[in-house]
Structure formats: C-alpha cells, structure tokens
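Shown below: input_19.txt, with compact mmCIF, C-alpha atoms and all ligand atoms.
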```txt
# COMPACT_ATOMS: atom_id res chain seq x y z
CA MET A 292 109.16 131.30 100.24
CA GLU A 293 105.76 131.46 101.87
CA ILE A 294 103.30 129.32 99.93
CA LEU A 295 100.29 129.09 102.24
CA LYS A 296 98.99 131.80 104.49
CA THR A 297 95.85 132.48 106.47
CA VAL A 298 94.99 135.87 107.91
CA GLY A 299 92.43 136.14 110.70
CA LEU A 300 90.71 133.05 109.37
CA LYS A 301 87.33 132.32 110.91
CA LYS A 302 84.72 129.72 110.12
CA TYR A 303 81.49 129.72 112.07
CA TYR A 304 78.67 127.23 111.65
CA GLY A 305 75.07 127.77 112.72
CA SER A 306 73.86 130.78 114.68
CA GLY A 307 72.48 131.87 118.05
CA THR A 308 72.76 129.19 120.69
CA SER A 309 73.90 126.65 118.12
CA LEU A 310 76.80 128.78 116.86
CA VAL A 311 79.99 126.74 116.48
CA LYS A 312 83.27 128.58 116.09
CA ALA A 313 85.12 125.88 114.15
CA LEU A 314 87.96 128.31 113.38
CA ASP A 315 88.26 131.43 115.44
CA GLY A 316 91.06 133.59 114.10
CA VAL A 317 93.85 131.50 112.61
CA ASP A 318 97.00 133.24 111.40
CA LEU A 319 99.28 130.74 109.78
CA SER A 320 102.20 130.89 107.42
CA ILE A 321 103.66 127.82 105.76
CA GLU A 322 106.88 127.90 103.77
CA GLU A 323 107.41 126.05 100.54
CA GLY A 324 108.73 122.54 101.19
CA GLU A 325 107.47 122.24 104.75
CA PHE A 326 105.81 119.04 105.89
CA ALA A 327 103.45 120.27 108.57
CA ALA A 328 101.32 118.08 110.82
CA VAL A 329 98.09 119.53 112.19
CA VAL A 330 97.15 117.91 115.48
CA GLY A 331 94.48 118.58 118.09
CA SER A 332 91.56 116.90 119.78
CA SER A 333 88.49 115.81 117.89
CA GLY A 334 86.32 118.79 116.97
CA SER A 335 89.18 121.28 117.41
CA GLY A 336 88.92 122.53 113.82
CA LYS A 337 91.58 120.55 111.96
CA SER A 338 89.45 119.40 109.03
CA THR A 339 87.83 122.79 108.74
CA LEU A 340 91.27 124.38 108.48
CA LEU A 341 92.40 121.90 105.83
CA HIS A 342 89.22 122.47 103.82
CA MET A 343 89.78 126.22 103.97
CA LEU A 344 93.42 125.86 102.91
CA GLY A 345 92.27 123.84 99.93
CA GLY A 346 89.47 126.20 98.99
CA LEU A 347 86.86 123.49 99.56
CA ASP A 348 84.80 125.81 101.73
CA ASP A 349 84.41 129.57 102.18
CA PRO A 350 85.63 131.32 105.32
CA THR A 351 83.21 133.33 107.44
CA GLU A 352 85.94 135.94 107.82
CA GLY A 353 89.60 136.31 106.91
CA LYS A 354 91.75 135.24 104.01
CA VAL A 355 93.49 132.21 102.60
CA ILE A 356 96.46 133.06 100.42
CA VAL A 357 97.96 130.31 98.29
CA ASP A 358 101.15 131.08 96.41
CA GLY A 359 100.42 134.80 96.74
CA LYS A 360 96.84 134.51 95.55
CA ASP A 361 93.87 135.31 97.78
CA ILE A 362 91.72 132.28 97.03
CA SER A 363 88.84 133.56 99.11
CA ALA A 364 88.41 136.23 96.43
CA LEU A 365 88.24 133.81 93.49
CA LYS A 366 85.01 132.99 91.74
CA ASP A 367 83.85 129.37 91.86
CA THR A 368 85.12 128.37 88.42
CA GLU A 369 88.44 130.17 88.93
CA LEU A 370 88.82 128.46 92.29
CA THR A 371 88.10 125.03 90.81
CA ILE A 372 90.80 125.53 88.18
CA PHE A 373 93.26 126.98 90.69
CA ARG A 374 92.66 124.08 93.07
CA ARG A 375 93.07 121.49 90.33
CA ARG A 376 96.38 122.95 89.23
CA ASN A 377 97.91 123.59 92.62
CA ILE A 378 96.50 121.31 95.26
CA GLY A 379 96.38 117.53 95.73
CA PHE A 380 94.04 116.05 98.30
CA ILE A 381 94.45 112.78 100.17
CA PHE A 382 91.67 111.55 102.43
CA GLN A 383 91.36 108.86 105.05
CA ASN A 384 89.06 106.76 102.86
CA TYR A 385 91.07 106.26 99.77
CA ASN A 386 88.08 106.94 97.51
CA LEU A 387 89.36 104.79 94.67
CA VAL A 388 86.90 103.98 91.92
CA PRO A 389 86.25 100.23 92.32
CA VAL A 390 85.61 99.49 88.63
CA LEU A 391 88.86 101.10 87.46
CA ASN A 392 92.27 99.52 87.81
CA VAL A 393 95.14 101.13 89.71
CA TYR A 394 96.61 103.02 86.75
CA GLU A 395 93.20 104.24 85.60
CA ASN A 396 92.49 105.50 89.10
CA VAL A 397 95.76 107.40 89.25
CA VAL A 398 95.22 109.23 85.97
CA LEU A 399 91.46 109.67 86.33
CA PRO A 400 91.51 113.28 87.64
CA LEU A 401 93.82 114.31 84.79
CA GLU A 402 91.62 112.66 82.21
CA LEU A 403 88.49 114.19 83.68
CA ASP A 404 90.26 117.49 83.19
CA GLY A 405 90.93 116.68 79.55
CA GLU A 406 94.67 116.59 80.22
CA LYS A 407 97.05 114.03 78.85
CA PRO A 408 98.90 112.36 81.72
CA ASP A 409 102.66 112.79 81.76
CA GLN A 410 103.22 109.04 81.56
CA LYS A 411 106.88 109.15 82.51
CA PHE A 412 106.11 111.21 85.59
CA VAL A 413 103.10 109.08 86.57
CA ARG A 414 105.23 105.96 86.29
CA GLU A 415 107.97 107.51 88.41
CA VAL A 416 105.49 108.49 91.12
CA MET A 417 103.91 105.03 91.07
CA GLU A 418 107.31 103.36 91.26
CA ILE A 419 108.34 105.46 94.24
CA LEU A 420 105.11 104.54 95.95
CA GLY A 421 105.57 100.87 95.07
CA VAL A 422 102.32 100.50 93.12
CA TYR A 423 103.53 100.51 89.52
CA GLU A 424 103.74 96.73 89.41
CA ARG A 425 100.14 96.60 90.58
CA ARG A 426 98.95 99.01 87.91
CA ALA A 427 96.60 96.47 86.33
CA SER A 428 95.12 95.34 89.67
CA MET A 429 91.69 96.37 90.83
CA PRO A 430 91.45 98.31 94.12
CA ASN A 431 89.78 95.41 95.94
CA GLN A 432 92.83 93.27 95.22
CA LEU A 433 95.03 95.62 97.25
CA SER A 434 95.65 96.01 100.96
CA GLY A 435 94.62 99.22 102.73
CA GLY A 436 98.21 100.45 102.70
CA GLN A 437 98.51 99.80 98.97
CA GLN A 438 95.20 101.53 98.28
CA GLN A 439 96.38 104.58 100.17
CA ARG A 440 99.60 104.61 98.12
CA VAL A 441 97.47 104.58 94.97
CA ALA A 442 95.44 107.48 96.36
CA ILE A 443 98.70 109.35 97.02
CA ALA A 444 99.90 108.64 93.48
CA ARG A 445 96.58 110.00 92.19
CA ALA A 446 97.01 113.17 94.26
CA LEU A 447 100.58 113.63 92.95
CA ALA A 448 99.93 112.81 89.28
CA SER A 449 98.94 116.40 88.50
CA LYS A 450 102.19 117.71 90.06
CA PRO A 451 100.50 119.85 92.72
CA ALA A 452 102.62 122.35 94.61
CA ILE A 453 100.65 121.62 97.77
CA VAL A 454 99.38 118.34 99.16
CA LEU A 455 96.65 118.41 101.79
CA ALA A 456 96.08 115.15 103.63
CA ASP A 457 93.20 114.58 106.05
CA GLU A 458 94.09 111.66 108.35
CA PRO A 459 95.70 109.75 105.49
CA THR A 460 96.74 106.94 107.84
CA GLY A 461 93.49 106.79 109.80
CA ASN A 462 92.62 103.36 108.41
CA LEU A 463 96.10 101.88 108.54
CA ASP A 464 98.04 99.92 111.13
CA SER A 465 101.09 101.51 112.69
CA ARG A 466 103.65 99.98 110.31
CA ASN A 467 101.72 101.06 107.22
CA SER A 468 101.05 104.47 108.77
CA LYS A 469 104.74 105.06 109.24
CA GLU A 470 105.45 103.91 105.71
CA VAL A 471 102.81 106.15 104.20
CA VAL A 472 104.10 109.19 106.09
CA GLY A 473 107.64 108.26 105.07
CA LEU A 474 106.55 108.07 101.44
CA LEU A 475 104.80 111.42 101.66
CA LYS A 476 107.98 112.89 103.03
CA VAL A 477 110.05 111.32 100.27
CA THR A 478 107.71 112.35 97.44
CA GLY A 479 107.38 115.82 98.97
CA GLU A 480 111.15 116.26 98.85
CA GLN A 481 111.50 114.63 95.45
CA PHE A 482 108.84 116.77 93.82
CA GLY A 483 109.39 119.96 95.82
CA GLN A 484 105.98 119.90 97.47
CA THR A 485 104.54 121.44 100.57
CA ILE A 486 102.48 119.04 102.66
CA VAL A 487 99.93 119.71 105.37
CA MET A 488 98.70 116.56 107.08
CA ILE A 489 96.09 116.14 109.77
CA THR A 490 96.82 113.32 112.16
CA HIS A 491 95.64 112.07 115.51
CA ASN A 492 98.86 110.19 115.89
CA GLU A 493 101.46 112.09 117.92
CA ALA A 494 104.29 109.76 116.91
CA LEU A 495 103.57 110.40 113.22
CA ALA A 496 103.32 114.14 113.83
CA GLN A 497 106.78 114.06 115.33
CA LEU A 498 108.13 112.74 112.02
CA CYS A 499 107.04 115.97 110.31
CA SER A 500 109.12 119.11 110.04
CA ARG A 501 106.53 121.14 111.90
CA VAL A 502 103.67 120.42 114.31
CA ILE A 503 100.74 122.83 114.48
CA ARG A 504 98.46 122.17 117.40
CA ILE A 505 94.89 123.43 117.21
CA GLU A 506 92.39 123.71 120.03
CA ASP A 507 88.97 125.37 119.94
CA GLY A 508 89.57 126.74 116.48
CA ARG A 509 92.82 128.49 117.35
CA ILE A 510 96.49 127.71 117.02
CA TRP A 511 97.61 126.67 120.42
CA LYS A 512 101.18 125.60 119.69
CA ASP A 513 103.35 125.73 116.60
CA LYS A 514 106.68 123.97 116.69
CA THR A 515 109.27 123.55 113.96
CA ASN A 516 111.02 120.22 114.06
CA ALA A 517 113.22 120.42 111.00
CA GLU A 518 116.52 119.32 112.39
CA LYS A 519 115.08 116.34 114.18
CA SER A 520 113.19 115.20 111.15
CA VAL A 521 116.19 115.51 108.90
CA ARG A 522 118.25 113.52 111.34
CA ARG A 523 115.65 110.76 111.45
CA MET A 524 115.48 110.79 107.72
CA ALA A 525 119.23 110.37 107.53
CA ALA A 526 119.05 107.51 109.98
CA GLY A 527 116.60 105.84 107.63
CA THR A 528 113.77 105.56 110.14
CA LEU A 529 111.42 107.75 108.18
CA ALA A 530 111.49 106.14 104.81
CA PRO A 531 110.66 102.50 104.28
CA THR A 532 113.58 100.23 103.47
CA GLY A 533 114.48 100.26 99.81
CA ILE A 534 113.00 103.67 99.12
CA LEU A 535 115.67 106.06 100.30
CA PRO A 536 118.56 104.94 98.07
CA GLU A 537 116.52 105.74 94.97
CA MET A 538 115.70 109.19 96.23
CA GLN A 539 118.82 110.94 95.16
CA PRO A 540 118.78 114.69 94.54
CA GLY A 541 117.16 115.97 91.38
CA ARG A 542 113.92 117.53 92.37
CA GLN A 543 111.33 117.36 89.72
CA GLY A 544 108.87 119.96 90.86
CA ARG A 545 106.85 122.43 88.93
CA GLY A 546 109.91 124.39 87.90
CA GLN A 547 111.13 121.70 85.56
CA GLU A 548 107.92 120.85 83.77
P1 LIG B 601 88.36 118.16 113.71
O1 LIG B 601 88.74 117.92 112.30
O2 LIG B 601 89.45 118.74 114.54
O3 LIG B 601 87.76 116.95 114.35
P2 LIG B 601 86.28 119.83 112.54
O4 LIG B 601 87.02 120.85 111.81
O5 LIG B 601 85.71 118.70 111.78
O6 LIG B 601 87.20 119.26 113.73
O7 LIG B 601 85.10 120.51 113.34
C1 LIG B 601 85.27 121.66 114.17
C2 LIG B 601 83.93 122.01 114.79
O8 LIG B 601 83.06 122.46 113.75
C3 LIG B 601 83.24 120.85 115.47
O9 LIG B 601 82.55 121.34 116.59
C4 LIG B 601 82.26 120.37 114.42
O10 LIG B 601 81.15 119.75 115.01
C5 LIG B 601 81.88 121.66 113.71
N1 LIG B 601 81.53 121.47 112.31
C6 LIG B 601 82.35 121.01 111.33
N2 LIG B 601 81.69 120.98 110.13
C7 LIG B 601 80.45 121.43 110.38
C8 LIG B 601 79.29 121.65 109.56
N3 LIG B 601 79.31 121.41 108.25
N4 LIG B 601 78.17 122.13 110.16
C9 LIG B 601 78.15 122.41 111.47
N5 LIG B 601 79.21 122.23 112.30
C10 LIG B 601 80.34 121.75 111.77
```
Before anything else, please render the file you have as structure tokens.
Amino acid sequence: MEILKTVGLKKYYGSGTSLVKALDGVDLSIEEGEFAAVVGSSGSGKSTLLHMLGGLDDPTEGKVIVDGKDISALKDTELTIFRRRNIGFIFQNYNLVPVLNVYENVVLPLELDGEKPDQKFVREVMEILGVYERRASMPNQLSGGQQQRVAIARALASKPAIVLADEPTGNLDSRNSKEVVGLLKVTGEQFGQTIVMITHNEALAQLCSRVIRIEDGRIWKDKTNAEKSVRRMAAGTLAPTGILPEMQPGRQGRGQE
C-alpha cells in the first residue's frame, strides 16, 4: 500500500536573481514498509524533500499525501497533530535534552503531548536498540552511537507509521553508522514502519531497499534494491550481532495497538 506520495512537488526559495529551486517537480511514491535512502550531492534538495514529507514546511506548489491524506491542505494545528501521530523524526544531531536521563528523553515527546507512554512498548524498543540498561544514564555519559540509539528510541516511542531520518549517521564512525542503519532496518520491520533516510554514504544507501537519487531538486534515479537487501539481512551483515535472533516475526505495528 502506498503510504507516502508527492505530486508535482516544488519548493522555491527567494525570488528574482536569488531564486533557488530546491525542489523542482518531484513525483514520488513510497510503499508501506519500504526503507528508502535519499542520496544526492550537497544542496540537491534532500533535506527540503524530507521536510516536505514530514510537513515541516509548506510546498510552493504540488502535494504531499501521507497515508491518503493531503497534508498540504491541513491547517497548522491539524498538521501538528497528524505529524505527531504518524511521523517520527531522527536528525543528525541527536538533540537529546542534557538534563534528562535516557528514559526521560525517550518518553519526553509523549509526555509533552499529555500521553501516557506504553511502558512495555518503550522498554521493548529500548531493548532492541540496546539502551534500556542505560535508561538512568545522562546523555553526556553515552557515546555518539548510543545517543543516536536513544534518539531513535524517542522517535519510535510514539509508534509512528513513518520514520524520517536526516543524515542520522552523519556524526558516527563507519561501524556505528552501519549498526544504526541495521537497527533502523530491524525496528522498521519489527514495528511495520516505512523509513526514509537521507545519507551521503553510498555504502549505507546500498543497505536500503530503495535508493532515490536527487539532483537539482529532481529525482534523477530511483532504484529498488529489495532482493539484495533481504539477502544481506539474511546473511547477518545488516543487523549488528546479537540483534537478529531476537527479531523473530510478530510485527507490532499500529494495527495491534
Ligand atoms: P541538501 O539537503 O541536498 O544538501 P537542501 O534541501 O538543504 O539540500 O537545499 C537545497 C537548496 O535549497 C540549496 O541550494 C539550499 O541552499 C537551498 N535552501 C534550503 N533551505 C533554504 C532556505 N531556508 N532559504 C533559502 N534557500 C534554502
């Protein structure tokens, strides 16, 4: 089922001689459960696209349709609620709150929303990501890789259908980068999520089920990699050691809430 769609999406900044066509007519369709990498040179429009997909910014022209809903037509408050319920964001800078411990950081967005965290689910997510044992630690006691895992747990705690990640491994070394992408893949499959991830790293992009290449605000190449990725997954090169065996079938997505 198609979960994310853009139709003739354009985003222009400035005007006259300083006009920048950050996105210049993007038609994209992403199926539920895909793990898509968005690659392209710096300034090609990747972040702009991700922001549009997440309703963080308004398009100049065109539509963004999330789970059948035209989010460009939503009013601000409706959009905020829709985003909160459906989309999890992960950024390059983990953006953890330094005075809160790991667990408090993970459940913070839920609590700000006045929601009671599903403790069993939060624990499961944190265990998969290997941060549950560090739940009482403060962010500055963790490595970069661990902090990013906490940020991922925070994004997943609200059970979003879609996860949008903007260079989530940008501050990590190659081993941690691979682990974080492996974990995203595992949690995506476990919780039935669709993931769109911007990366500069071609090797990481190749671990995804699809690679969307953007240049000058347009889709330049779009390649589905499913078989390859599944094979790598089976060979255990995608998921960090010790994670895969626990990931037995039994998706726990939105449908089973
Ligand atoms: P990428 O993520 O691929 O590096 P971006 O989406 O950040 O690219 O940017 C695409 C183009 O849009 C670039 O030329 C950038 O300078 C421009 N741009 C992005 N955001 C803004 C903004 N808020 N105001 C003006 N220009 C912007």
Distance in Å - atom CA of Met429 of chain A versus atom CA of Ile443 of chain A
16.0 Å
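Proximal residues of ligand LIG 601 (chain B) are Tyr303, Tyr304, Gly305, Val311, Lys312, Ala313, Leu314, Val330, Gly331, Ser332, Ser333, Gly334, Ser335, Gly336, Lys337, Ser338, Thr339, Leu340, Ile489, Ile505, Glu506, Asp507 and Gly508 of chain A, by a cut-off of 8 Å on all atoms listed in the file.
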Filtering to C-alpha atoms, could you give me those residues as a tab-separated table (two decimals), keeping the file's coordinate frame?
```tsv
chain	number	residue	atom	x	y	z
A	303	TYR	CA	81.49	129.72	112.07
A	304	TYR	CA	78.67	127.23	111.65
A	305	GLY	CA	75.07	127.77	112.72
A	311	VAL	CA	79.99	126.74	116.48
A	312	LYS	CA	83.27	128.58	116.09
A	313	ALA	CA	85.12	125.88	114.15
A	314	LEU	CA	87.96	128.31	113.38
A	330	VAL	CA	97.15	117.91	115.48
A	331	GLY	CA	94.48	118.58	118.09
A	332	SER	CA	91.56	116.90	119.78
A	333	SER	CA	88.49	115.81	117.89
A	334	GLY	CA	86.32	118.79	116.97
A	335	SER	CA	89.18	121.28	117.41
A	336	GLY	CA	88.92	122.53	113.82
A	337	LYS	CA	91.58	120.55	111.96
A	338	SER	CA	89.45	119.40	109.03
A	339	THR	CA	87.83	122.79	108.74
A	340	LEU	CA	91.27	124.38	108.48
A	489	ILE	CA	96.09	116.14	109.77
A	505	ILE	CA	94.89	123.43	117.21
A	506	GLU	CA	92.39	123.71	120.03
A	507	ASP	CA	88.97	125.37	119.94
A	508	GLY	CA	89.57	126.74	116.48
```
From atom CA of Val487 of chain A to atom CA of Ile510 of chain A the spacing works out at 14.5 Å
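Note that the spacing between atom CA of Gly324 of chain A and atom CA of Leu341 of chain A amounts to 17.0 Å.
Considering all atoms listed in the file, the residue among A:Asp358, A:Glu415, A:Glu493, A:Asp318 positioned nearest to Thr478 of chain A is A:Glu415.
Of the residues under consideration (A:Ile362, A:Val472, A:Leu420, A:Ile486), A:Val472 shows the shortest atom-to-atom contact distance to Leu498 of chain A when counting only C-alpha atoms.
The shortest atom-to-atom distance to Ala446 of chain A, with all atoms listed in the file taken into account, belongs to A:Val397 out of A:Val317, A:Val298, A:Val397, A:Val502.
The smallest atom-to-atom distance between Leu433 of chain A and any of A:Thr460, A:Asn392, A:Leu401, A:Asn377, using only C-alpha atoms, is found for A:Asn392.
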For Ala328 of chain A, list every protein, DNA or RNA residue within 10 Å, evaluated using only C-alpha atoms, and leave out those in the same chain fewer than 4 positions away; present the list as a PyMOL selection string.
chain A and resi 456+458+486-493+495-504+513-514
Print the selection's residues with C-alpha atoms to a file, as an mmCIF file, in the coordinates of the input.
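Full text of part.cif as output:
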```
data_model
loop_
_atom_site.group_PDB
_atom_site.id
_atom_site.type_symbol
_atom_site.label_atom_id
_atom_site.label_comp_id
_atom_site.auth_asym_id
_atom_site.auth_seq_id
_atom_site.Cartn_x
_atom_site.Cartn_y
_atom_site.Cartn_z
ATOM 1 C CA ALA A 456 96.080 115.150 103.630
ATOM 2 C CA GLU A 458 94.090 111.660 108.350
ATOM 3 C CA ILE A 486 102.480 119.040 102.660
ATOM 4 C CA VAL A 487 99.930 119.710 105.370
ATOM 5 C CA MET A 488 98.700 116.560 107.080
ATOM 6 C CA ILE A 489 96.090 116.140 109.770
ATOM 7 C CA THR A 490 96.820 113.320 112.160
ATOM 8 C CA HIS A 491 95.640 112.070 115.510
ATOM 9 C CA ASN A 492 98.860 110.190 115.890
ATOM 10 C CA GLU A 493 101.460 112.090 117.920
ATOM 11 C CA LEU A 495 103.570 110.400 113.220
ATOM 12 C CA ALA A 496 103.320 114.140 113.830
ATOM 13 C CA GLN A 497 106.780 114.060 115.330
ATOM 14 C CA LEU A 498 108.130 112.740 112.020
ATOM 15 C CA CYS A 499 107.040 115.970 110.310
ATOM 16 C CA SER A 500 109.120 119.110 110.040
ATOM 17 C CA ARG A 501 106.530 121.140 111.900
ATOM 18 C CA VAL A 502 103.670 120.420 114.310
ATOM 19 C CA ILE A 503 100.740 122.830 114.480
ATOM 20 C CA ARG A 504 98.460 122.170 117.400
ATOM 21 C CA ASP A 513 103.350 125.730 116.600
ATOM 22 C CA LYS A 514 106.680 123.970 116.690
#
```
For Gln410 of chain A, list every protein, DNA or RNA residue within 12 Å, evaluated using only C-alpha atoms, and leave out those in the same chain fewer than 6 positions away; present the list as a ChimeraX atom specification.
/A:394-395,397-398,401,416-418,423,448-449
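Ranking A:Thr515, A:Gln484, A:Leu300, A:Pro430 by their shortest atom-to-atom distance to Glu352 of chain A, with only C-alpha atoms included, puts A:Leu300 first.
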For Gln438 of chain A, which of A:Val477, A:Leu399, A:Ile381, A:Ala452 is the closest residue, counting only C-alpha atoms?
A:Ile381
Pick out the residues sitting within 9 Å of Gly479 of chain A, and hand them over as a PDB file with C-alpha atoms, keeping the file's coordinate frame; count all atoms listed in the file, and ignore anything fewer than 6 positions along from it in its own chain.
```pdb
ATOM      1  CA  GLY A 324     108.730 122.540 101.190  1.00  0.00           C
ATOM      2  CA  GLU A 325     107.470 122.240 104.750  1.00  0.00           C
ATOM      3  CA  PHE A 326     105.810 119.040 105.890  1.00  0.00           C
ATOM      4  CA  ILE A 453     100.650 121.620  97.770  1.00  0.00           C
ATOM      5  CA  VAL A 454      99.380 118.340  99.160  1.00  0.00           C
ATOM      6  CA  THR A 485     104.540 121.440 100.570  1.00  0.00           C
ATOM      7  CA  ILE A 486     102.480 119.040 102.660  1.00  0.00           C
TER       8      ILE A 486
END
```
